[in-house]
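Trainee: Input start-v2.cif, format and content: mmCIF, C-alpha atoms and all ligand atoms.
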```cif
data_protein
#
loop_
_atom_site.label_atom_id
_atom_site.label_comp_id
_atom_site.auth_asym_id
_atom_site.auth_seq_id
_atom_site.Cartn_x
_atom_site.Cartn_y
_atom_site.Cartn_z
CA MET A 555 46.25 60.88 80.11
CA PHE A 556 48.39 61.47 77.05
CA ASP A 557 47.59 65.15 76.99
CA LEU A 558 50.79 67.12 77.24
CA ASP A 559 49.03 70.47 76.91
CA TRP A 560 50.53 71.30 73.56
CA ILE A 561 49.30 71.21 69.97
CA PRO A 562 51.06 69.08 67.34
CA ARG A 563 51.50 70.70 63.92
CA PHE A 564 52.08 69.19 60.49
CA ASP A 565 53.62 71.15 57.63
CA LEU A 566 53.42 68.54 54.89
CA GLN A 567 55.72 70.40 52.52
CA ALA A 568 58.44 70.86 55.12
CA ILE A 569 58.10 67.24 56.24
CA ALA A 570 58.61 65.97 52.68
CA GLN A 571 62.01 67.73 52.47
CA ARG A 572 63.44 66.24 55.66
CA PRO A 573 65.50 63.08 56.24
CA PRO A 574 63.52 59.83 56.51
CA THR A 575 63.39 59.49 60.31
CA ILE A 576 60.67 59.93 62.95
CA TRP A 577 62.12 63.39 63.60
CA ARG A 578 60.76 64.66 60.25
CA TYR A 579 57.53 65.21 62.26
CA ARG A 580 59.46 67.53 64.55
CA GLU A 581 56.57 69.94 65.27
CA ALA A 582 54.45 67.00 66.41
CA LEU A 583 57.04 65.57 68.82
CA PRO A 584 56.99 67.07 72.33
CA ILE A 585 60.71 67.63 72.99
CA ASP A 586 61.60 71.27 73.57
CA ASN A 587 65.28 71.57 72.80
CA GLU A 588 67.16 69.98 69.91
CA GLU A 589 70.27 69.27 72.01
CA SER A 590 68.35 66.78 74.18
CA ILE A 591 67.36 64.55 71.28
CA ILE A 592 68.78 61.02 71.44
CA SER A 593 68.42 59.38 68.05
CA PHE A 594 69.82 56.70 65.77
CA ASP A 595 68.07 58.36 62.79
CA GLU A 596 65.36 55.80 63.39
CA GLY A 597 62.08 55.36 61.58
CA PHE A 598 60.42 55.76 58.20
CA THR A 599 60.56 51.98 57.86
CA PRO A 600 59.41 50.53 54.52
CA LEU A 601 55.67 49.95 54.02
CA SER A 602 55.61 46.85 51.84
CA ARG A 603 53.03 44.77 50.01
CA LEU A 604 52.12 41.35 51.38
CA VAL A 605 49.58 39.01 49.81
CA ILE A 606 47.73 36.91 52.36
CA ASP A 607 45.00 34.51 51.25
CA ASP A 608 44.41 36.53 48.06
CA HIS A 609 44.20 39.85 49.87
CA GLU A 610 46.85 42.45 49.22
CA ILE A 611 47.73 44.30 52.42
CA TRP A 612 50.52 46.62 53.58
CA VAL A 613 53.00 45.68 56.29
CA LYS A 614 55.33 48.11 57.96
CA GLN A 615 58.80 46.65 58.45
CA ASP A 616 59.22 47.76 62.05
CA HIS A 617 61.58 44.90 62.79
CA LEU A 618 64.23 47.03 61.02
CA PHE A 619 65.31 49.31 63.85
CA ALA A 620 68.73 49.68 65.48
CA SER A 621 67.68 47.52 68.42
CA GLY A 622 65.59 45.17 66.27
CA SER A 623 62.06 46.20 67.23
CA TYR A 624 59.63 49.12 66.87
CA LYS A 625 60.24 49.96 70.56
CA ASP A 626 62.97 52.34 69.31
CA ARG A 627 60.22 54.78 68.30
CA GLY A 628 59.14 55.12 71.93
CA ALA A 629 62.62 54.86 73.42
CA SER A 630 63.90 57.76 71.30
CA LEU A 631 61.21 60.13 72.60
CA MET A 632 61.26 58.88 76.19
CA ILE A 633 65.04 58.93 76.62
CA SER A 634 65.26 62.33 74.89
CA LYS A 635 62.82 63.64 77.52
CA VAL A 636 64.74 61.95 80.36
CA ASN A 637 67.92 63.51 78.97
CA SER A 638 66.33 66.98 78.80
CA LEU A 639 65.42 66.65 82.50
CA GLY A 640 69.06 65.95 83.40
CA ILE A 641 68.26 62.49 84.81
CA ASP A 642 71.31 60.21 84.83
CA HIS A 643 69.91 56.84 85.99
CA VAL A 644 66.69 55.01 85.08
CA VAL A 645 65.00 51.65 85.70
CA GLU A 646 62.69 49.86 83.28
CA ASP A 647 60.91 46.51 83.19
CA SER A 648 60.21 44.65 80.01
CA SER A 649 59.53 41.28 78.44
CA GLY A 650 62.67 41.97 76.40
CA ASN A 651 62.41 44.35 73.48
CA ALA A 652 61.51 47.52 75.35
CA GLY A 653 64.40 46.80 77.71
CA ALA A 654 66.77 46.40 74.76
CA ALA A 655 65.55 49.64 73.16
CA VAL A 656 65.79 51.66 76.37
CA ALA A 657 69.26 50.20 77.08
CA ALA A 658 70.43 51.18 73.57
CA TYR A 659 69.19 54.78 73.84
CA CYS A 660 70.56 55.13 77.37
CA ALA A 661 73.94 53.92 76.09
CA ARG A 662 73.84 56.58 73.37
CA ALA A 663 72.85 59.22 75.93
CA GLY A 664 75.35 58.13 78.60
CA ILE A 665 72.53 57.45 81.08
CA ALA A 666 72.84 54.50 83.49
CA CYS A 667 70.02 51.99 83.27
CA ASP A 668 68.80 48.91 85.12
CA ILE A 669 66.52 46.58 83.17
CA TYR A 670 64.24 44.07 84.92
CA ALA A 671 63.11 41.21 82.68
CA PRO A 672 61.60 37.76 83.20
CA ALA A 673 64.44 35.22 83.40
CA SER A 674 62.59 33.16 80.74
CA THR A 675 62.99 35.91 78.09
CA SER A 676 64.73 34.88 74.84
CA ALA A 677 68.45 34.60 75.57
CA GLY A 678 69.28 36.85 72.62
CA LYS A 679 67.32 39.76 74.09
CA LEU A 680 68.95 39.36 77.52
CA THR A 681 72.42 39.29 75.94
CA GLN A 682 71.55 42.37 73.88
CA ILE A 683 70.49 44.30 76.99
CA ARG A 684 73.74 43.44 78.80
CA TRP A 685 75.86 44.18 75.74
CA TYR A 686 74.63 47.78 75.73
CA GLY A 687 76.11 48.08 79.21
CA ALA A 688 72.82 48.06 81.10
CA GLN A 689 72.49 46.34 84.45
CA LEU A 690 70.27 43.32 83.76
CA CYS A 691 68.11 42.02 86.61
CA PRO A 692 66.54 38.71 85.50
CA ILE A 693 63.49 37.87 87.63
CA PRO A 694 62.27 34.28 88.01
CA GLY A 695 58.54 33.72 87.54
CA SER A 696 55.98 35.61 85.49
CA ARG A 697 56.00 38.98 83.75
CA ALA A 698 53.88 40.23 86.69
CA ASP A 699 56.63 39.18 89.13
CA THR A 700 59.05 41.33 87.13
CA SER A 701 56.69 44.32 87.47
CA THR A 702 56.53 43.86 91.22
CA ALA A 703 60.33 43.76 91.45
CA VAL A 704 60.79 46.94 89.41
CA MET A 705 58.27 48.87 91.47
CA ARG A 706 60.48 48.27 94.48
CA ALA A 707 63.57 49.41 92.57
CA ALA A 708 61.78 52.49 91.23
CA ASP A 709 61.50 53.86 94.75
CA GLY A 710 64.68 55.89 94.43
CA ILE A 711 65.43 55.81 90.69
CA TYR A 712 63.50 57.34 87.74
CA TYR A 713 61.05 54.77 86.33
CA ALA A 714 61.38 55.02 82.56
CA SER A 715 58.44 52.75 81.88
CA HIS A 716 57.39 52.14 78.30
CA SER A 717 53.90 51.18 79.39
CA TRP A 718 53.30 54.22 81.65
CA ASN A 719 55.37 57.07 80.30
CA PRO A 720 53.34 59.27 77.89
CA TYR A 721 56.49 60.22 75.95
CA PHE A 722 56.94 56.61 74.90
CA PHE A 723 53.48 56.73 73.28
CA HIS A 724 54.30 60.07 71.65
CA GLY A 725 57.14 58.12 70.00
CA THR A 726 55.12 55.11 68.90
CA LYS A 727 52.49 57.43 67.39
CA THR A 728 54.99 58.10 64.57
CA TRP A 729 53.95 54.67 63.22
CA ALA A 730 50.62 56.24 62.24
CA PHE A 731 52.26 59.38 60.80
CA GLU A 732 54.54 57.29 58.59
CA VAL A 733 51.75 54.98 57.43
CA CYS A 734 49.60 57.94 56.36
CA GLU A 735 52.49 59.73 54.67
CA GLN A 736 53.49 56.54 52.84
CA LEU A 737 49.88 56.20 51.63
CA SER A 738 50.15 59.77 50.22
CA TRP A 739 48.60 61.32 53.30
CA ARG A 740 45.51 59.23 53.59
CA ALA A 741 44.45 56.95 56.40
CA PRO A 742 44.11 53.20 55.89
CA ASP A 743 40.65 51.72 56.45
CA VAL A 744 41.94 49.19 58.97
CA ALA A 745 45.09 48.92 61.10
CA ILE A 746 45.82 45.50 62.63
CA LEU A 747 48.29 45.59 65.53
CA PRO A 748 49.59 43.31 68.29
CA VAL A 749 48.47 44.10 71.83
CA GLY A 750 50.07 43.32 75.16
CA ASN A 751 50.42 46.62 77.02
CA GLY A 752 49.22 48.41 73.89
CA THR A 753 52.25 50.67 73.39
CA LEU A 754 51.93 50.40 69.62
CA LEU A 755 48.14 50.28 69.40
CA LEU A 756 47.58 53.25 71.72
CA GLY A 757 50.42 55.13 70.06
CA ALA A 758 48.81 54.52 66.66
CA ALA A 759 45.45 55.70 68.04
CA ILE A 760 47.09 58.94 69.25
CA GLY A 761 48.89 59.43 65.94
CA PHE A 762 45.81 58.92 63.77
CA SER A 763 43.69 61.15 65.99
CA GLU A 764 46.29 63.96 65.92
CA LEU A 765 46.31 63.79 62.11
CA LEU A 766 42.51 63.81 62.09
CA THR A 767 42.32 66.82 64.43
CA ALA A 768 44.86 68.67 62.28
CA GLY A 769 42.75 67.95 59.19
CA VAL A 770 45.51 65.94 57.48
CA ILE A 771 43.38 62.78 57.22
CA LYS A 772 39.62 62.52 56.84
CA GLN A 773 38.75 59.44 58.87
CA MET A 774 39.97 57.34 61.77
CA PRO A 775 40.93 53.78 60.73
CA ARG A 776 39.30 50.84 62.47
CA LEU A 777 41.81 49.39 64.94
CA ILE A 778 42.03 45.62 65.33
CA GLY A 779 44.08 44.34 68.27
CA VAL A 780 45.67 40.89 68.20
CA GLN A 781 46.42 38.78 71.28
CA ALA A 782 47.64 35.23 71.73
CA LEU A 783 44.85 32.94 73.02
CA GLY A 784 47.31 31.72 75.68
CA CYS A 785 47.28 35.20 77.26
CA ALA A 786 44.30 37.20 76.04
CA PRO A 787 42.80 39.35 78.81
CA LEU A 788 41.69 42.09 76.40
CA TYR A 789 40.24 39.71 73.84
CA GLN A 790 38.29 38.05 76.68
CA ALA A 791 37.15 41.46 77.89
CA SER A 792 35.88 42.35 74.41
CA LEU A 793 33.65 39.27 74.57
CA ARG A 794 32.29 40.36 77.94
CA GLY A 795 31.00 43.82 77.17
CA TRP A 796 34.45 45.45 76.86
CA GLN A 797 35.06 45.26 80.60
CA ILE A 798 38.32 44.03 82.09
CA THR A 799 38.07 41.00 84.32
CA THR A 800 40.88 39.56 86.38
CA ASP A 801 39.99 35.87 86.29
CA VAL A 802 41.64 35.14 82.95
CA ALA A 803 43.37 31.80 82.52
CA VAL A 804 46.96 32.16 81.27
CA LEU A 805 48.92 29.51 79.41
CA SER A 806 52.38 29.89 78.02
CA THR A 807 52.68 31.31 74.51
CA LEU A 808 55.33 31.61 71.84
CA ALA A 809 54.32 35.26 71.52
CA GLU A 810 56.40 36.45 74.50
CA GLY A 811 56.26 40.11 73.38
CA ILE A 812 52.51 40.36 74.05
CA ALA A 813 52.12 37.96 77.00
CA ILE A 814 50.80 40.59 79.42
CA THR A 815 48.26 39.32 81.96
CA GLN A 816 47.34 42.69 83.47
CA PRO A 817 47.84 45.48 80.94
CA ILE A 818 48.03 48.68 82.95
CA ARG A 819 46.25 50.70 80.28
CA GLY A 820 43.82 47.87 79.54
CA GLN A 821 40.62 49.88 79.69
CA GLN A 822 42.16 52.64 77.53
CA ILE A 823 43.11 50.05 74.91
CA LEU A 824 39.60 48.59 74.90
CA ASP A 825 38.05 52.05 74.60
CA ALA A 826 40.33 52.99 71.68
CA VAL A 827 39.53 49.79 69.79
CA ARG A 828 35.77 49.96 70.47
CA LYS A 829 35.47 53.66 69.59
CA SER A 830 37.23 53.09 66.27
CA GLY A 831 34.63 50.47 65.33
CA GLY A 832 37.33 47.80 65.50
CA ALA A 833 37.67 44.47 67.27
CA MET A 834 39.96 42.26 69.32
CA VAL A 835 41.01 38.90 67.89
CA ALA A 836 43.03 36.06 69.44
CA VAL A 837 45.21 33.45 67.75
CA SER A 838 46.14 29.93 68.83
CA GLU A 839 49.69 28.60 69.24
CA GLU A 840 49.12 26.52 66.13
CA GLU A 841 48.18 29.59 64.10
CA ILE A 842 51.27 31.44 65.39
CA HIS A 843 53.54 28.53 64.53
CA ASP A 844 52.00 28.03 61.07
CA THR A 845 52.20 31.73 60.26
CA LEU A 846 55.80 31.98 61.49
CA ARG A 847 56.73 29.12 59.17
CA TRP A 848 54.76 30.64 56.28
CA LEU A 849 56.45 34.02 56.78
CA GLY A 850 59.87 32.36 56.83
CA HIS A 851 59.13 30.61 53.56
CA GLN A 852 58.22 34.00 52.08
CA GLY A 853 61.60 35.40 53.17
CA TRP A 854 60.56 37.17 56.37
CA TYR A 855 62.56 36.34 59.50
CA VAL A 856 60.61 37.83 62.38
CA GLU A 857 60.03 36.87 65.96
CA PRO A 858 57.06 34.69 66.94
CA THR A 859 55.18 37.69 68.38
CA SER A 860 55.19 39.25 64.91
CA ALA A 861 53.83 36.02 63.45
CA ALA A 862 50.98 36.25 65.95
CA THR A 863 50.06 39.63 64.48
CA ILE A 864 50.00 38.28 60.93
CA ALA A 865 47.96 35.27 62.11
CA GLY A 866 45.50 37.86 63.46
CA VAL A 867 45.50 39.60 60.07
CA ARG A 868 44.54 36.28 58.48
CA GLN A 869 41.58 35.93 60.81
CA ALA A 870 40.47 39.52 60.34
CA LEU A 871 40.70 39.39 56.54
CA ARG A 872 37.92 36.81 56.46
CA HIS A 873 35.57 39.59 57.53
CA LEU A 874 36.95 42.41 55.37
CA ASP A 875 36.21 43.41 51.76
CA LYS A 876 39.11 43.19 49.38
CA ASP A 877 38.94 46.89 48.50
CA GLN A 878 39.73 47.93 52.08
CA ILE A 879 43.18 49.38 52.68
CA VAL A 880 44.61 47.20 55.44
CA VAL A 881 47.89 47.98 57.21
CA SER A 882 49.70 45.78 59.70
CA THR A 883 53.23 45.55 61.00
CA LEU A 884 56.18 43.29 61.71
CA THR A 885 57.33 44.33 65.18
CA GLY A 886 60.48 42.37 66.04
CA HIS A 887 63.42 40.83 64.19
CA GLY A 888 63.72 37.04 64.09
CA LEU A 889 67.40 37.13 65.05
CA LYS A 890 66.34 38.10 68.58
CA SER A 891 64.54 34.79 69.00
CA THR A 892 66.71 32.42 67.04
CA GLY A 893 67.06 30.11 70.05
CA LYS A 894 63.31 29.76 70.49
CA ILE A 895 62.65 29.54 66.76
CA GLY A 896 65.30 26.80 66.45
CA HIS A 897 63.35 24.69 68.91
CA LEU A 898 60.43 24.62 66.48
CA PHE A 899 62.30 22.30 64.14
CA ASP A 900 60.99 18.82 64.41
CA ASP A 901 64.36 17.07 64.57
CA ALA A 902 63.03 13.81 63.17
CA SER A 903 62.01 15.34 59.85
CA GLY A 904 64.17 18.44 59.82
CA GLU A 905 60.99 20.41 59.08
CA ALA A 906 59.82 23.39 61.07
C1 LIG A 1001 56.40 45.18 72.65
C2 LIG A 1001 56.09 44.29 71.50
C3 LIG A 1001 54.79 44.18 70.96
C4 LIG A 1001 53.60 44.91 71.46
O1 LIG A 1001 53.54 44.98 72.79
P1 LIG A 1001 52.73 45.99 73.70
O2 LIG A 1001 52.89 45.30 75.02
O3 LIG A 1001 51.32 45.97 73.23
O4 LIG A 1001 53.34 47.28 73.68
C5 LIG A 1001 54.64 43.40 69.84
N1 LIG A 1001 55.65 42.75 69.26
C6 LIG A 1001 56.90 42.83 69.74
C7 LIG A 1001 57.98 42.08 69.05
C8 LIG A 1001 57.16 43.61 70.86
O5 LIG A 1001 58.41 43.70 71.33
#
```
Kindly present the structure from the file in structure tokens form.
Mentor:
Amino acid sequence: MFDLDWIPRFDLQAIAQRPPTIWRYREALPIDNEESIISFDEGFTPLSRLVIDDHEIWVKQDHLFASGSYKDRGASLMISKVNSLGIDHVVEDSSGNAGAAVAAYCARAGIACDIYAPASTSAGKLTQIRWYGAQLCPIPGSRADTSTAVMRAADGIYYASHSWNPYFFHGTKTWAFEVCEQLSWRAPDVAILPVGNGTLLLGAAIGFSELLTAGVIKQMPRLIGVQALGCAPLYQASLRGWQITTDVAVLSTLAEGIAITQPIRGQQILDAVRKSGGAMVAVSEEEIHDTLRWLGHQGWYVEPTSAATIAGVRQALRHLDKDQIVVSTLTGHGLKSTGKIGHLFDDASGEA
């Protein structure tokens, strides 16, 4: 499904000489002509140490992108491709961050874009989308209602979907390239990533497997996917023989970035995690809240969805040896969700 009938190449010496952006892996990124590339010189985010419950792990600071989330990796590739095809108008649906990233890259490319998002999305993300000049279509109801609305709109306009479009995943795969390069071209033992539609997890799986096929790394890391218990169809599926079921109860969750009830690549995500020898984990609202507060007190201002990931790391570390190289990621900047985070203060005590 991600096969673009082309072979990625890695010239490690050439890569080392290039500017620190995702485009340093040029021969592994499927865009034919340089002039089509739409870029903010994004990528090569810092891979930093974080000590959690006595374990030292690595976290990639993917909240540090122009639009404030890792979705810029995918948007750069996808909008470059759209641009190379001469398309001048796209639609996209998103729980917020993908819409903001696509709107930013479309603004840079001069491509018109309509973004469908649940009306309940963090106000900051909706403002950001409009500020880029995109047409925002807020849809009342669930994330699934937003998907239904965009499918109707996509009848006559190019559907630049981050969860369908293979080019988006060929952008997010650069997460894996950067992690391996930053570890001196070796693979981590374990990668722990958030999962809603799996754009980062599947991208990472593609990236690691391309490096493995090219002989750059020697082993595939185990992939651990994190969901919020309030919306955990893939975690539930992993408990039931790795088969998707549709009768999953959904509650609301602070982790709006991964609240996807019907991930369209669900079975692919499950297969990637299972084949890697990994696992799915799910975290409660209390764990998300506690971890968000803990991160803040360590100096990290990230959105609640990113705290969910780190809460998942905490769970997973209980089952991992300390000598394992574990990599995780912070996916979205806290400033996007300041309104929602502000509500977590208990006004009586002034404590969060
Ligand atoms: C998009 C997003 C994720 C991961 O979502 P997928 O649906 O799995 O692609 C995680 N965190 C944040 C902040 C996001 O915006």
Trainee: For ligand LIG 1001 (chain A), what centre and edge lengths in Å (one decimal) does the axis-aligned box get once 8 Å is added on each side of all its listed atoms, as AutoDock Vina command-line options?
Mentor:
```
--center_x 54.9 --center_y 44.7 --center_z 72.0 --size_x 23.1 --size_y 21.2 --size_z 22.0
```
Trainee: Residues within 9 Å of ligand LIG 1001 (chain A), counting only C-alpha atoms and all ligand atoms: report them as a ChimeraX atom specification.
Mentor: /A:617,622-625,648-652,716-717,747-756,779,781,809-814,817,856-860,862-863,884-887
Trainee: How close does each residue of stretch 786-894 of chain A get to stretch 732-740 of chain A, giving the shortest atom pair and distance in Å to one decimal for every residue with an atom at most 12 Å away, counting all atoms listed in the file, sorted by chain and residue number, as a Markdown table?
Mentor:
```
| residue | atom | partner | partner_atom | distance |
| --- | --- | --- | --- | --- |
| A:Ile879 | CA | A:Leu737 | CA | 9.6 |
| A:Val880 | CA | A:Val733 | CA | 10.7 |
| A:Val881 | CA | A:Val733 | CA | 8.0 |
| A:Ser882 | CA | A:Val733 | CA | 9.7 |
| A:Thr883 | CA | A:Val733 | CA | 10.2 |
```
Trainee: If we count all atoms listed in the file and set the cut-off at 7 Å, which residues sit around stretch 666-672 of chain A, ignoring sequence neighbours fewer than 5 positions away in its own chain? Please answer as a ChimeraX atom specification.
Mentor: /A:642-650,653,657,660,688-697,700,704
Trainee: In the coordinates of the file, take the point (60.7, 65.0, 74.1) and a cut-off of 6 Å; then, counting all atoms listed in the file, name each qualifying protein, DNA or RNA residue as a list in words.
Mentor: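 Here is the list of nearby residues: Pro584, Ile585, Leu631, Ser634 and Lys635 of chain A.
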Trainee: Quick one: of A:Ile746, A:Leu583, A:Ile592, A:Val827, who's nearest to A:Gln869, counting only C-alpha atoms?
Mentor: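 Of the candidates, the smallest distance to A:Gln869 is held by A:Ile746.
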Trainee: If you measure from atom CA of A:Ser838 to atom CA of A:Val802, what distance in Å do you get, rounded to one decimal?
Mentor: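 Distance between the two atoms: 15.7 Å.
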Trainee: Nearest to A:Ser806 among A:Ser674, A:Asp825, A:Arg572, A:Thr702, with distances taken over all atoms listed in the file: which residue is it?
Mentor: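 Using all atoms listed in the file, A:Ser806 sits closest to A:Ser674.
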Trainee: So, counting only C-alpha atoms, which residue among A:Pro600, A:Gly866, A:Gly678, A:Gly893 is closest to A:Leu783?
Mentor: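 So, comparing all the options, the nearest one is A:Gly866.
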Trainee: Just to confirm, what's the straight-line distance from atom CA of A:Ile591 to atom CA of A:Gln682 in Å (one decimal)?
Mentor: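 Taking atom CA of A:Ile591 and atom CA of A:Gln682, their separation equals 22.7 Å.
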